[in-house]
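File shown: query09.cif (mmCIF, C-alpha atoms and all ligand atoms).
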data_final
loop_
_atom_site.label_atom_id
_atom_site.label_comp_id
_atom_site.auth_asym_id
_atom_site.auth_seq_id
_atom_site.Cartn_x
_atom_site.Cartn_y
_atom_site.Cartn_z
CA MET A 1 21.96 21.88 -13.96
CA ASN A 2 22.33 18.86 -16.22
CA GLY A 3 18.80 18.65 -17.54
CA ARG A 4 15.51 17.41 -16.23
CA VAL A 5 14.82 13.96 -14.83
CA PHE A 6 11.48 12.34 -14.11
CA SER A 7 10.58 9.17 -12.27
CA GLY A 8 7.65 7.61 -10.44
CA ALA A 9 6.85 5.07 -7.74
CA GLN A 10 3.56 3.26 -7.35
CA PRO A 11 1.67 3.67 -4.08
CA THR A 12 0.94 -0.05 -4.04
CA GLY A 13 2.57 -0.63 -0.67
CA THR A 14 5.58 0.39 1.26
CA LEU A 15 8.98 1.02 -0.35
CA HIS A 16 11.26 -2.00 -0.29
CA ILE A 17 15.03 -2.21 -0.47
CA GLY A 18 14.81 -3.14 -4.17
CA ASN A 19 13.07 0.16 -4.89
CA TYR A 20 15.59 1.93 -2.69
CA PHE A 21 18.80 0.49 -4.17
CA GLY A 22 17.45 0.28 -7.72
CA ALA A 23 15.91 3.72 -7.99
CA ILE A 24 15.21 5.97 -5.00
CA ARG A 25 18.85 6.32 -3.96
CA ASN A 26 19.54 7.58 -7.47
CA TRP A 27 16.57 9.96 -7.30
CA ALA A 28 18.12 11.54 -4.23
CA ALA A 29 21.62 11.75 -5.74
CA LEU A 30 20.38 13.34 -8.96
CA GLN A 31 18.98 16.28 -7.01
CA GLU A 32 22.52 17.60 -6.72
CA ASP A 33 22.79 18.61 -10.34
CA HIS A 34 19.46 18.00 -12.10
CA GLU A 35 16.02 19.48 -12.13
CA CYS A 36 14.00 16.61 -10.64
CA VAL A 37 10.33 15.77 -11.01
CA TYR A 38 9.21 12.83 -8.84
CA CYS A 39 5.75 11.42 -8.90
CA ILE A 40 3.61 9.03 -6.87
CA VAL A 41 1.85 7.26 -9.69
CA ASP A 42 -1.62 6.50 -8.36
CA TYR A 43 -3.16 6.28 -11.85
CA HIS A 44 -0.77 3.39 -12.44
CA ALA A 45 -1.67 1.76 -9.14
CA ILE A 46 -5.35 1.38 -10.13
CA THR A 47 -4.48 -0.85 -13.09
CA ILE A 48 -4.87 -3.58 -10.47
CA GLU A 49 -7.94 -3.35 -8.21
CA VAL A 50 -7.25 -1.47 -5.00
CA ASP A 51 -9.46 -0.24 -2.15
CA PRO A 52 -9.99 3.55 -2.65
CA ASN A 53 -9.38 4.36 1.02
CA VAL A 54 -6.21 2.32 1.05
CA LEU A 55 -4.98 4.03 -2.11
CA ARG A 56 -5.41 7.59 -0.88
CA ALA A 57 -3.58 6.80 2.35
CA ALA A 58 -0.90 4.86 0.46
CA SER A 59 -0.11 7.87 -1.74
CA ARG A 60 0.53 10.04 1.35
CA SER A 61 2.51 7.26 2.95
CA MET A 62 4.67 6.85 -0.17
CA ALA A 63 5.36 10.59 -0.14
CA LEU A 64 6.62 10.28 3.46
CA ASP A 65 8.77 7.28 2.53
CA LEU A 66 10.34 9.19 -0.35
CA ILE A 67 11.11 12.26 1.73
CA ALA A 68 12.61 10.04 4.42
CA CYS A 69 14.85 8.47 1.75
CA GLY A 70 16.24 11.88 0.85
CA ILE A 71 13.83 13.40 -1.66
CA ASP A 72 13.80 17.07 -0.80
CA PRO A 73 10.46 18.66 -1.80
CA GLU A 74 12.09 22.09 -1.95
CA ARG A 75 14.67 21.05 -4.52
CA SER A 76 12.52 18.49 -6.33
CA ILE A 77 8.94 18.60 -7.49
CA LEU A 78 7.14 15.86 -5.53
CA PHE A 79 3.48 15.26 -6.29
CA VAL A 80 0.68 12.75 -6.75
CA GLN A 81 0.04 11.94 -10.43
CA SER A 82 -3.77 12.28 -10.34
CA ALA A 83 -3.44 15.90 -9.14
CA VAL A 84 -2.09 16.68 -12.62
CA PRO A 85 -4.74 15.42 -15.09
CA GLU A 86 -2.54 16.42 -18.05
CA HIS A 87 -0.88 13.00 -17.56
CA THR A 88 -4.01 11.16 -18.69
CA GLU A 89 -4.79 13.57 -21.50
CA LEU A 90 -1.31 13.11 -22.97
CA ALA A 91 -1.55 9.34 -22.44
CA TRP A 92 -4.65 9.19 -24.66
CA ILE A 93 -2.93 11.14 -27.41
CA LEU A 94 0.27 9.09 -27.17
CA GLY A 95 -1.81 5.92 -27.34
CA THR A 96 -2.58 6.86 -30.92
CA VAL A 97 1.11 6.80 -31.84
CA THR A 98 1.84 3.59 -29.90
CA SER A 99 2.00 0.32 -31.75
CA TYR A 100 -0.33 -2.39 -30.44
CA GLY A 101 2.34 -4.95 -31.36
CA ASP A 102 4.90 -3.16 -29.18
CA LEU A 103 2.55 -3.28 -26.21
CA THR A 104 2.02 -7.02 -26.61
CA ARG A 105 5.77 -7.55 -26.16
CA MET A 106 6.00 -5.91 -22.72
CA THR A 107 7.23 -8.50 -20.24
CA GLN A 108 5.85 -6.63 -17.23
CA PHE A 109 2.34 -7.00 -18.64
CA LYS A 110 2.92 -10.72 -19.16
CA ASP A 111 4.21 -11.11 -15.58
CA LYS A 112 1.54 -8.99 -13.93
CA SER A 113 -1.39 -10.41 -15.88
CA ALA A 114 -0.37 -14.06 -15.41
CA GLY A 115 -2.79 -15.97 -13.22
CA ARG A 116 -5.28 -13.08 -12.84
CA LYS A 117 -8.98 -13.66 -13.44
CA PHE A 118 -9.53 -10.07 -14.52
CA VAL A 119 -6.87 -8.28 -16.55
CA SER A 120 -7.66 -4.61 -17.14
CA ALA A 121 -7.01 -2.78 -20.39
CA GLY A 122 -5.26 -0.22 -18.16
CA LEU A 123 -2.66 -2.80 -17.20
CA PHE A 124 -2.04 -3.38 -20.90
CA THR A 125 -1.71 0.33 -21.76
CA TYR A 126 0.27 1.12 -18.58
CA PRO A 127 3.49 1.83 -20.57
CA VAL A 128 1.69 4.50 -22.62
CA LEU A 129 0.76 6.36 -19.44
CA GLN A 130 4.35 5.94 -18.30
CA ALA A 131 5.56 7.50 -21.56
CA ALA A 132 3.12 10.38 -21.00
CA ASP A 133 4.44 10.88 -17.43
CA ILE A 134 7.96 11.33 -18.75
CA LEU A 135 7.28 13.22 -21.97
CA LEU A 136 4.88 15.66 -20.31
CA TYR A 137 7.91 17.17 -18.58
CA ARG A 138 10.19 16.67 -21.59
CA ALA A 139 12.53 14.84 -19.25
CA THR A 140 15.80 13.58 -20.69
CA GLY A 141 16.71 11.11 -17.94
CA VAL A 142 14.68 8.55 -16.00
CA PRO A 143 16.24 6.89 -12.94
CA VAL A 144 14.77 3.37 -12.74
CA GLY A 145 15.61 -0.23 -11.93
CA LYS A 146 16.34 -2.77 -14.67
CA ASP A 147 12.71 -3.96 -14.82
CA GLN A 148 11.69 -0.63 -16.36
CA VAL A 149 14.25 -0.50 -19.17
CA GLN A 150 11.92 -2.16 -21.70
CA HIS A 151 9.20 0.40 -20.92
CA LEU A 152 11.73 3.20 -21.37
CA GLU A 153 12.68 1.87 -24.77
CA LEU A 154 8.99 2.01 -25.69
CA SER A 155 8.76 5.61 -24.39
CA ARG A 156 11.60 6.48 -26.76
CA ARG A 157 9.80 4.87 -29.70
CA ILE A 158 6.60 6.73 -28.81
CA ALA A 159 8.49 10.04 -28.64
CA ARG A 160 10.12 9.30 -32.00
CA ARG A 161 6.81 8.47 -33.68
CA PHE A 162 5.11 11.57 -32.28
CA ASN A 163 8.02 13.77 -33.39
CA SER A 164 8.05 12.34 -36.89
CA ARG A 165 4.29 12.71 -37.31
CA TYR A 166 3.80 16.13 -35.67
CA GLY A 167 7.25 17.74 -35.66
CA GLU A 168 10.12 17.58 -33.17
CA LEU A 169 8.81 18.19 -29.64
CA PHE A 170 9.91 15.48 -27.21
CA PRO A 171 13.47 14.51 -26.30
CA GLU A 172 14.04 10.74 -26.24
CA PRO A 173 14.40 9.89 -22.54
CA GLU A 174 17.37 7.80 -21.42
CA PRO A 175 17.12 5.32 -18.54
CA ILE A 176 19.49 5.99 -15.64
CA VAL A 177 20.13 2.54 -14.18
CA PRO A 178 22.59 1.98 -11.31
CA LYS A 179 25.61 -0.26 -11.95
CA LYS A 180 24.77 -2.24 -8.81
CA GLY A 181 21.35 -2.85 -7.28
CA ALA A 182 19.38 -2.50 -10.52
CA ARG A 183 17.60 -5.80 -9.90
CA ILE A 184 17.40 -6.99 -6.31
CA MET A 185 15.83 -10.43 -6.08
CA SER A 186 13.24 -11.79 -3.65
CA LEU A 187 14.79 -13.37 -0.55
CA ALA A 188 12.13 -16.08 -0.46
CA ASP A 189 12.46 -16.90 -4.17
CA PRO A 190 15.65 -15.54 -5.74
CA SER A 191 14.40 -16.45 -9.22
CA ILE A 192 11.95 -13.49 -9.16
CA LYS A 193 12.63 -9.82 -8.48
CA MET A 194 11.90 -8.30 -5.10
CA SER A 195 8.44 -6.80 -5.45
CA LYS A 196 5.66 -5.35 -3.35
CA SER A 197 2.93 -7.30 -5.08
CA ALA A 198 4.62 -10.72 -4.81
CA GLY A 199 3.68 -10.74 -1.11
CA GLU A 200 5.16 -9.98 2.32
CA ALA A 201 7.73 -12.77 2.29
CA HIS A 202 9.27 -11.50 -0.92
CA TYR A 203 10.45 -8.09 0.14
CA ILE A 204 12.18 -6.19 2.92
CA GLY A 205 10.40 -2.91 3.56
CA VAL A 206 12.52 0.15 4.20
CA MET A 207 10.11 0.99 7.05
CA GLU A 208 9.76 -2.55 8.36
CA ASP A 209 10.55 -3.32 11.99
CA GLU A 210 13.87 -4.90 12.89
CA SER A 211 12.57 -8.20 14.19
CA SER A 212 10.61 -8.83 11.02
CA ILE A 213 13.62 -7.93 8.86
CA ARG A 214 15.81 -10.27 10.90
CA LYS A 215 13.33 -13.11 10.43
CA LYS A 216 13.13 -12.60 6.67
CA ILE A 217 16.90 -12.48 6.26
CA ARG A 218 17.37 -15.57 8.44
CA SER A 219 14.97 -17.52 6.28
CA ALA A 220 16.40 -16.25 2.98
CA VAL A 221 16.88 -19.03 0.44
CA THR A 222 20.58 -19.94 -0.01
CA ASP A 223 21.79 -23.42 -0.93
CA VAL A 224 23.26 -26.51 0.69
CA GLY A 225 26.61 -28.21 0.28
CA LEU A 226 29.12 -25.43 -0.23
CA LYS A 227 32.47 -26.70 -1.61
CA PRO A 228 35.67 -24.76 -2.42
CA GLY A 229 35.29 -23.09 -5.81
CA SER A 230 31.58 -23.88 -6.12
CA GLU A 231 29.36 -21.51 -8.10
CA MET A 232 27.41 -18.95 -6.17
CA SER A 233 23.68 -19.68 -6.11
CA PRO A 234 21.30 -16.80 -7.00
CA GLY A 235 20.14 -16.46 -3.37
CA VAL A 236 23.70 -16.11 -2.02
CA GLU A 237 24.64 -13.75 -4.85
CA ASN A 238 21.64 -11.59 -3.96
CA LEU A 239 22.64 -11.47 -0.28
CA PHE A 240 26.18 -10.45 -1.24
CA GLU A 241 24.83 -7.73 -3.51
CA ILE A 242 22.60 -6.32 -0.75
CA LEU A 243 25.55 -6.45 1.67
CA GLU A 244 27.81 -4.64 -0.79
CA LEU A 245 25.24 -1.94 -1.48
CA ALA A 246 24.59 -1.34 2.20
CA THR A 247 28.26 -1.20 3.20
CA ALA A 248 28.89 1.21 0.31
CA GLU A 249 26.74 3.72 2.23
CA GLY A 250 29.25 4.62 4.89
CA GLY A 251 29.94 1.09 6.16
CA ASP A 252 33.10 -1.00 6.34
CA PRO A 253 33.71 -2.94 3.11
CA THR A 254 36.21 -5.32 4.82
CA ILE A 255 33.34 -7.54 5.91
CA VAL A 256 32.35 -8.12 2.26
CA ARG A 257 35.92 -9.06 1.34
CA GLU A 258 36.25 -11.43 4.29
CA LEU A 259 32.98 -13.18 3.59
CA ARG A 260 33.79 -13.50 -0.12
CA GLU A 261 37.13 -15.12 0.75
CA GLU A 262 35.37 -17.54 3.09
CA PHE A 263 32.96 -18.36 0.27
CA GLU A 264 35.79 -19.02 -2.19
CA ALA A 265 37.42 -21.31 0.36
CA GLY A 266 34.14 -23.19 0.81
CA LYS A 267 34.04 -22.22 4.48
CA LEU A 268 31.36 -19.57 4.59
CA LEU A 269 28.65 -20.05 7.17
CA TYR A 270 25.53 -18.57 5.65
CA SER A 271 24.32 -17.54 9.11
CA ARG A 272 27.36 -15.23 9.28
CA LEU A 273 26.56 -13.73 5.89
CA LYS A 274 22.93 -13.21 6.92
CA ASP A 275 23.91 -11.56 10.21
CA ALA A 276 26.17 -9.16 8.30
CA VAL A 277 23.40 -8.32 5.83
CA PHE A 278 21.04 -7.65 8.72
CA GLU A 279 23.50 -5.42 10.61
CA GLU A 280 24.42 -3.36 7.56
CA LEU A 281 20.84 -2.94 6.38
CA ILE A 282 19.66 -1.84 9.79
CA ARG A 283 22.53 0.65 9.97
CA ILE A 284 21.26 2.46 6.86
CA ILE A 285 17.54 1.91 7.43
CA ARG A 286 17.37 3.17 11.01
CA PRO A 287 18.03 6.86 10.26
CA ILE A 288 15.57 6.71 7.33
CA GLN A 289 12.88 5.41 9.67
CA GLN A 290 13.64 8.13 12.18
CA ARG A 291 13.41 10.79 9.50
CA ARG A 292 10.08 9.41 8.34
CA ALA A 293 8.63 9.65 11.83
CA GLU A 294 9.75 13.27 12.06
CA VAL A 295 8.25 14.26 8.71
CA ALA A 296 4.99 12.45 9.51
CA GLN A 297 4.80 14.30 12.82
CA SER A 298 5.29 17.69 11.17
CA GLY A 299 1.87 17.23 9.50
CA LYS A 300 3.01 19.04 6.36
CA ILE A 301 2.56 16.31 3.79
CA GLU A 302 -0.70 17.63 2.25
CA GLU A 303 0.82 21.06 1.86
CA ILE A 304 3.98 19.61 0.28
CA LEU A 305 1.99 17.57 -2.23
CA GLU A 306 -0.29 20.50 -3.14
CA GLU A 307 2.69 22.72 -3.76
CA GLY A 308 4.35 19.94 -5.80
CA ALA A 309 1.24 19.49 -7.95
CA MET A 310 1.06 23.23 -8.61
CA ARG A 311 4.70 23.31 -9.75
CA ALA A 312 4.19 20.20 -11.88
CA ARG A 313 1.13 21.69 -13.61
CA GLU A 314 3.09 24.82 -14.46
CA LEU A 315 5.49 22.62 -16.42
CA ALA A 316 2.81 20.34 -17.84
CA ARG A 317 0.37 22.95 -19.19
CA PRO A 318 2.57 24.47 -21.91
CA THR A 319 3.51 20.98 -23.16
CA ILE A 320 -0.08 19.82 -23.39
CA ALA A 321 -1.10 23.10 -25.07
CA GLU A 322 1.61 22.59 -27.69
CA VAL A 323 0.61 18.96 -28.19
CA ARG A 324 -3.05 19.93 -28.70
CA LYS A 325 -2.03 22.55 -31.25
CA ARG A 326 0.24 20.18 -33.19
CA VAL A 327 -2.35 17.41 -33.26
CA GLY A 328 -5.14 19.79 -34.28
CA LEU A 329 -7.32 19.36 -31.21
CA GLY A 330 -9.78 21.84 -29.72
N1 LIG B 401 13.64 -5.61 -7.24
C1 LIG B 401 14.02 -4.43 -7.67
N2 LIG B 401 15.33 -4.12 -7.78
C2 LIG B 401 15.74 -2.90 -8.22
N3 LIG B 401 14.87 -1.90 -8.55
C3 LIG B 401 13.55 -2.17 -8.44
N4 LIG B 401 12.44 -1.42 -8.68
C4 LIG B 401 11.34 -2.16 -8.42
N5 LIG B 401 11.69 -3.39 -8.00
C5 LIG B 401 13.06 -3.44 -8.00
C6 LIG B 401 12.46 -0.03 -9.13
O1 LIG B 401 11.79 0.75 -8.16
C7 LIG B 401 11.15 1.85 -8.79
C8 LIG B 401 9.75 2.02 -8.26
O2 LIG B 401 8.99 0.88 -8.61
P1 LIG B 401 7.41 0.97 -8.66
O3 LIG B 401 6.89 1.31 -7.34
O4 LIG B 401 6.98 1.85 -9.75
O5 LIG B 401 6.85 -0.43 -9.06
P2 LIG B 401 7.49 -1.70 -9.58
O6 LIG B 401 8.62 -1.53 -10.51
O7 LIG B 401 6.38 -2.52 -10.14
O8 LIG B 401 8.02 -2.22 -8.20
P3 LIG B 401 7.40 -3.33 -7.33
O9 LIG B 401 7.91 -3.28 -5.97
O10 LIG B 401 7.58 -4.62 -8.05
O11 LIG B 401 5.89 -2.92 -7.24
P4 LIG B 401 4.61 -3.75 -7.55
O12 LIG B 401 4.88 -5.12 -7.01
O13 LIG B 401 3.52 -3.04 -6.85
O14 LIG B 401 4.44 -3.76 -9.02
C9 LIG B 401 11.19 1.58 -10.29
O15 LIG B 401 12.16 2.42 -10.87
C10 LIG B 401 11.64 0.15 -10.39
O16 LIG B 401 12.43 -0.07 -11.54
#
Full structure transcribed into structure tokens:
Amino acid sequence: MNGRVFSGAQPTGTLHIGNYFGAIRNWAALQEDHECVYCIVDYHAITIEVDPNVLRAASRSMALDLIACGIDPERSILFVQSAVPEHTELAWILGTVTSYGDLTRMTQFKDKSAGRKFVSAGLFTYPVLQAADILLYRATGVPVGKDQVQHLELSRRIARRFNSRYGELFPEPEPIVPKKGARIMSLADPSIKMSKSAGEAHYIGVMEDESSIRKKIRSAVTDVGLKPGSEMSPGVENLFEILELATAEGGDPTIVRELREEFEAGKLLYSRLKDAVFEELIRIIRPIQQRRAEVAQSGKIEEILEEGAMRARELARPTIAEVRKRVGLG
């Protein structure tokens, strides 16, 4: 084993291909040679108002999505964050070694708070809870997309400040970011990242039905007036990246080469590129959807999550006990 990794996904909706290529694929791969702790971060999800009944169901649904994408609950610890209250206890303590100034520089807070009438303090302190999630398990690696790298840097600073004030306890966690797919953009607006909360048009769900995926890809923003040697627009670049990532999972890479050559020659028909993206995505998504249906039918999800929470608490309790002792609490 090469150490322990931790990562989380918010149950704010269904997994999209950005989550899959940027993070979840890596989560699955890391199971081969790491001790993996994967969490459905419902405490994070409530930083933006959400219907309680929707949230509970969404956490179960996210667990099914993750298992369908290859997270094996026997090899990895898979659980819902709120079943392990040590996360919030550590978050409070770590908040006292977090600089207010650092928090004000977080771009995710700026993006997510923009245009909202009510901005919760929880949304502002979100990165402290994220640091607690990781440090609670003394994880050394965190597989995430590019959007989370700034938060990870803050987690490292928090660990450093805690260690220097109370004595060495936490390793400084390193982000594990894929070389390709770390930032998939929205198809409807390639200037923003693909995201659940940006709205339906902005993402392709891993569990979405084929006709809806086809429609979204067909209406993906590209550009007009392709000439030989012209620069690739962000929308076209994004489609090529998705195509490359999908073909890399057991597909035929010749199609990517051919389409790139057609682009260079100024002859590429975007409808051809979009059809290829659709075909390749469906090829990898279909078996995931089938697997999800099977796991859902087995009716074991509650049991899996309970077992995961129990295993997570076994790891979390000694850390929190040590933290309390060092800080002089209790
Ligand atoms: N567009 C993306 N490209 C690559 N990776 C991405 N991730 C998110 N969007 C992209 C990575 O997916 C993991 C899980 O993300 P999350 O569920 O914790 O929430 P998020 O980062 O806030 O993702 P969303 O879809 O944008 O959710 P909402 O809209 O609900 O906030 C993370 O590792 C993330 O880096």
With 9 Å as the cut-off and all atoms listed in the file counted, what is the closest atom pair between each nearby residue of chain A and ligand LIG 401 (chain B)? Distances in Å to one decimal, ordered by chain and number, as a tab-separated table.
residue	atom	partner	partner_atom	distance
A:Ser7	CA	B:LIG401	O15	7.1
A:Gly8	CA	B:LIG401	O4	5.8
A:Ala9	CA	B:LIG401	O3	3.8
A:Gln10	CA	B:LIG401	O3	3.9
A:Pro11	CA	B:LIG401	O3	6.6
A:Thr12	CA	B:LIG401	O13	4.8
A:Gly13	CA	B:LIG401	O13	6.7
A:Thr14	CA	B:LIG401	O9	8.4
A:Leu15	CA	B:LIG401	O9	7.2
A:His16	CA	B:LIG401	O9	6.7
A:Ile17	CA	B:LIG401	N2	7.6
A:Gly18	CA	B:LIG401	N2	3.8
A:Asn19	CA	B:LIG401	O1	3.6
A:Tyr20	CA	B:LIG401	O1	6.8
A:Phe21	CA	B:LIG401	C2	6.1
A:Gly22	CA	B:LIG401	N3	3.5
A:Ala23	CA	B:LIG401	O15	4.9
A:Ile24	CA	B:LIG401	C7	6.9
A:Ile40	CA	B:LIG401	O3	8.4
A:Val41	CA	B:LIG401	O4	7.5
A:His44	CA	B:LIG401	O4	8.3
A:Ala45	CA	B:LIG401	O13	7.4
A:Gln108	CA	B:LIG401	O7	8.2
A:Lys112	CA	B:LIG401	O14	7.7
A:Val142	CA	B:LIG401	O15	8.4
A:Pro143	CA	B:LIG401	O15	6.4
A:Val144	CA	B:LIG401	O15	3.3
A:Gly145	CA	B:LIG401	O16	3.2
A:Lys146	CA	B:LIG401	O16	5.7
A:Asp147	CA	B:LIG401	O16	5.1
A:Gln148	CA	B:LIG401	O16	4.9
A:Val149	CA	B:LIG401	O16	7.9
A:Val177	CA	B:LIG401	O16	8.5
A:Pro178	CA	B:LIG401	C2	9.0
A:Gly181	CA	B:LIG401	C2	5.7
A:Ala182	CA	B:LIG401	C2	4.3
A:Arg183	CA	B:LIG401	N2	3.5
A:Ile184	CA	B:LIG401	N2	3.8
A:Met185	CA	B:LIG401	N1	5.4
A:Ser186	CA	B:LIG401	N1	7.2
A:Ile192	CA	B:LIG401	N1	8.3
A:Lys193	CA	B:LIG401	N1	4.5
A:Met194	CA	B:LIG401	N1	3.9
A:Ser195	CA	B:LIG401	O10	3.5
A:Lys196	CA	B:LIG401	O12	3.7
A:Ser197	CA	B:LIG401	O12	3.5
A:Ala198	CA	B:LIG401	O12	6.0
A:Gly199	CA	B:LIG401	O12	8.2
A:Tyr203	CA	B:LIG401	O9	8.2
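Minimum distance to Glu210 in chain A across A:Leu136, A:Ala293, A:Ala316, A:Ile285 (counting only C-alpha atoms) occurs at A:Ile285.
Proximity ranking of A:Val128, A:Ile77, A:Met62, A:Leu187 relative to Glu35 in chain A places A:Ile77 first, based on only C-alpha atoms.
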Residues within 12 Å of range 95-101 of chain A, only C-alpha atoms, excluding chain neighbours under 6 positions, as an mmCIF file with C-alpha atoms, keeping the file's coordinate frame:
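Generated file (around21.cif):
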data_model
loop_
_atom_site.group_PDB
_atom_site.id
_atom_site.type_symbol
_atom_site.label_atom_id
_atom_site.label_comp_id
_atom_site.auth_asym_id
_atom_site.auth_seq_id
_atom_site.Cartn_x
_atom_site.Cartn_y
_atom_site.Cartn_z
ATOM 1 C CA THR A 88 -4.010 11.160 -18.690
ATOM 2 C CA GLU A 89 -4.790 13.570 -21.500
ATOM 3 C CA GLY A 122 -5.260 -0.220 -18.160
ATOM 4 C CA PHE A 124 -2.040 -3.380 -20.900
ATOM 5 C CA THR A 125 -1.710 0.330 -21.760
ATOM 6 C CA TYR A 126 0.270 1.120 -18.580
ATOM 7 C CA PRO A 127 3.490 1.830 -20.570
ATOM 8 C CA VAL A 128 1.690 4.500 -22.620
ATOM 9 C CA LEU A 129 0.760 6.360 -19.440
ATOM 10 C CA GLN A 130 4.350 5.940 -18.300
ATOM 11 C CA ALA A 131 5.560 7.500 -21.560
ATOM 12 C CA ALA A 132 3.120 10.380 -21.000
ATOM 13 C CA LEU A 154 8.990 2.010 -25.690
ATOM 14 C CA SER A 155 8.760 5.610 -24.390
ATOM 15 C CA ARG A 156 11.600 6.480 -26.760
ATOM 16 C CA ARG A 157 9.800 4.870 -29.700
ATOM 17 C CA ILE A 158 6.600 6.730 -28.810
ATOM 18 C CA ALA A 159 8.490 10.040 -28.640
ATOM 19 C CA ARG A 160 10.120 9.300 -32.000
ATOM 20 C CA ARG A 161 6.810 8.470 -33.680
ATOM 21 C CA PHE A 162 5.110 11.570 -32.280
ATOM 22 C CA ASN A 163 8.020 13.770 -33.390
ATOM 23 C CA SER A 164 8.050 12.340 -36.890
ATOM 24 C CA ARG A 165 4.290 12.710 -37.310
ATOM 25 C CA TYR A 166 3.800 16.130 -35.670
ATOM 26 C CA VAL A 327 -2.350 17.410 -33.260
#
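Using only C-alpha atoms, the smallest distance between any of A:Lys179, A:Lys274, A:His87, A:Arg75 and Leu30 in chain A comes from A:Arg75.
Among the candidates A:Ile242, A:Ala201, A:Ile67, A:Val50, the one nearest to Lys216 in chain A when counting all atoms listed in the file is A:Ala201.
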When you look at Ser61 in chain A with a cut-off of 10 Å (counting all atoms listed in the file), what residues show up, excluding the ones that are within fewer than 3 positions of it in the same chain? I need them as a PyMOL selection string. chain A and resi 11+13-15+55-58+64-66+292+296+301
Filtering to C-alpha atoms, could you give me those residues as a short mmCIF file (atom, residue, chain, number, x, y, z; two decimals), in the frame of the given file?
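Output saved as result_1.cif:
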data_model
loop_
_atom_site.label_atom_id
_atom_site.label_comp_id
_atom_site.auth_asym_id
_atom_site.auth_seq_id
_atom_site.Cartn_x
_atom_site.Cartn_y
_atom_site.Cartn_z
CA PRO A 11 1.67 3.67 -4.08
CA GLY A 13 2.57 -0.63 -0.67
CA THR A 14 5.58 0.39 1.26
CA LEU A 15 8.98 1.02 -0.35
CA LEU A 55 -4.98 4.03 -2.11
CA ARG A 56 -5.41 7.59 -0.88
CA ALA A 57 -3.58 6.80 2.35
CA ALA A 58 -0.90 4.86 0.46
CA LEU A 64 6.62 10.28 3.46
CA ASP A 65 8.77 7.28 2.53
CA LEU A 66 10.34 9.19 -0.35
CA ARG A 292 10.08 9.41 8.34
CA ALA A 296 4.99 12.45 9.51
CA ILE A 301 2.56 16.31 3.79
#
In Å, with one decimal, what is the gap from CA of Gly266 in chain A to CA of Asp223 in chain A? 12.5 Å
Please report, as AutoDock Vina command-line options, the centre and edge lengths in Å to one decimal of an axis-aligned box covering all listed atoms of range 25-38 of chain A with 8 Å per side.
--center_x 16.0 --center_y 12.9 --center_z -8.0 --size_x 29.6 --size_y 29.2 --size_z 24.2
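You will find CA of Ala139 in chain A at 26.8 Å from CA of Ile48 in chain A.
For the residues A:Thr104, A:Glu49, A:Glu249, A:Arg283, ranking by smallest atom-to-atom distance to Phe118 in chain A using only C-alpha atoms places A:Glu49 first.
Across the structure, CA of Phe109 in chain A and CA of Val84 in chain A are spaced 24.8 Å apart.
Proximity of A:Cys36, A:Leu243, A:Thr47, A:Ile71 to Arg291 in chain A, computed with all atoms listed in the file, is greatest for A:Ile71.
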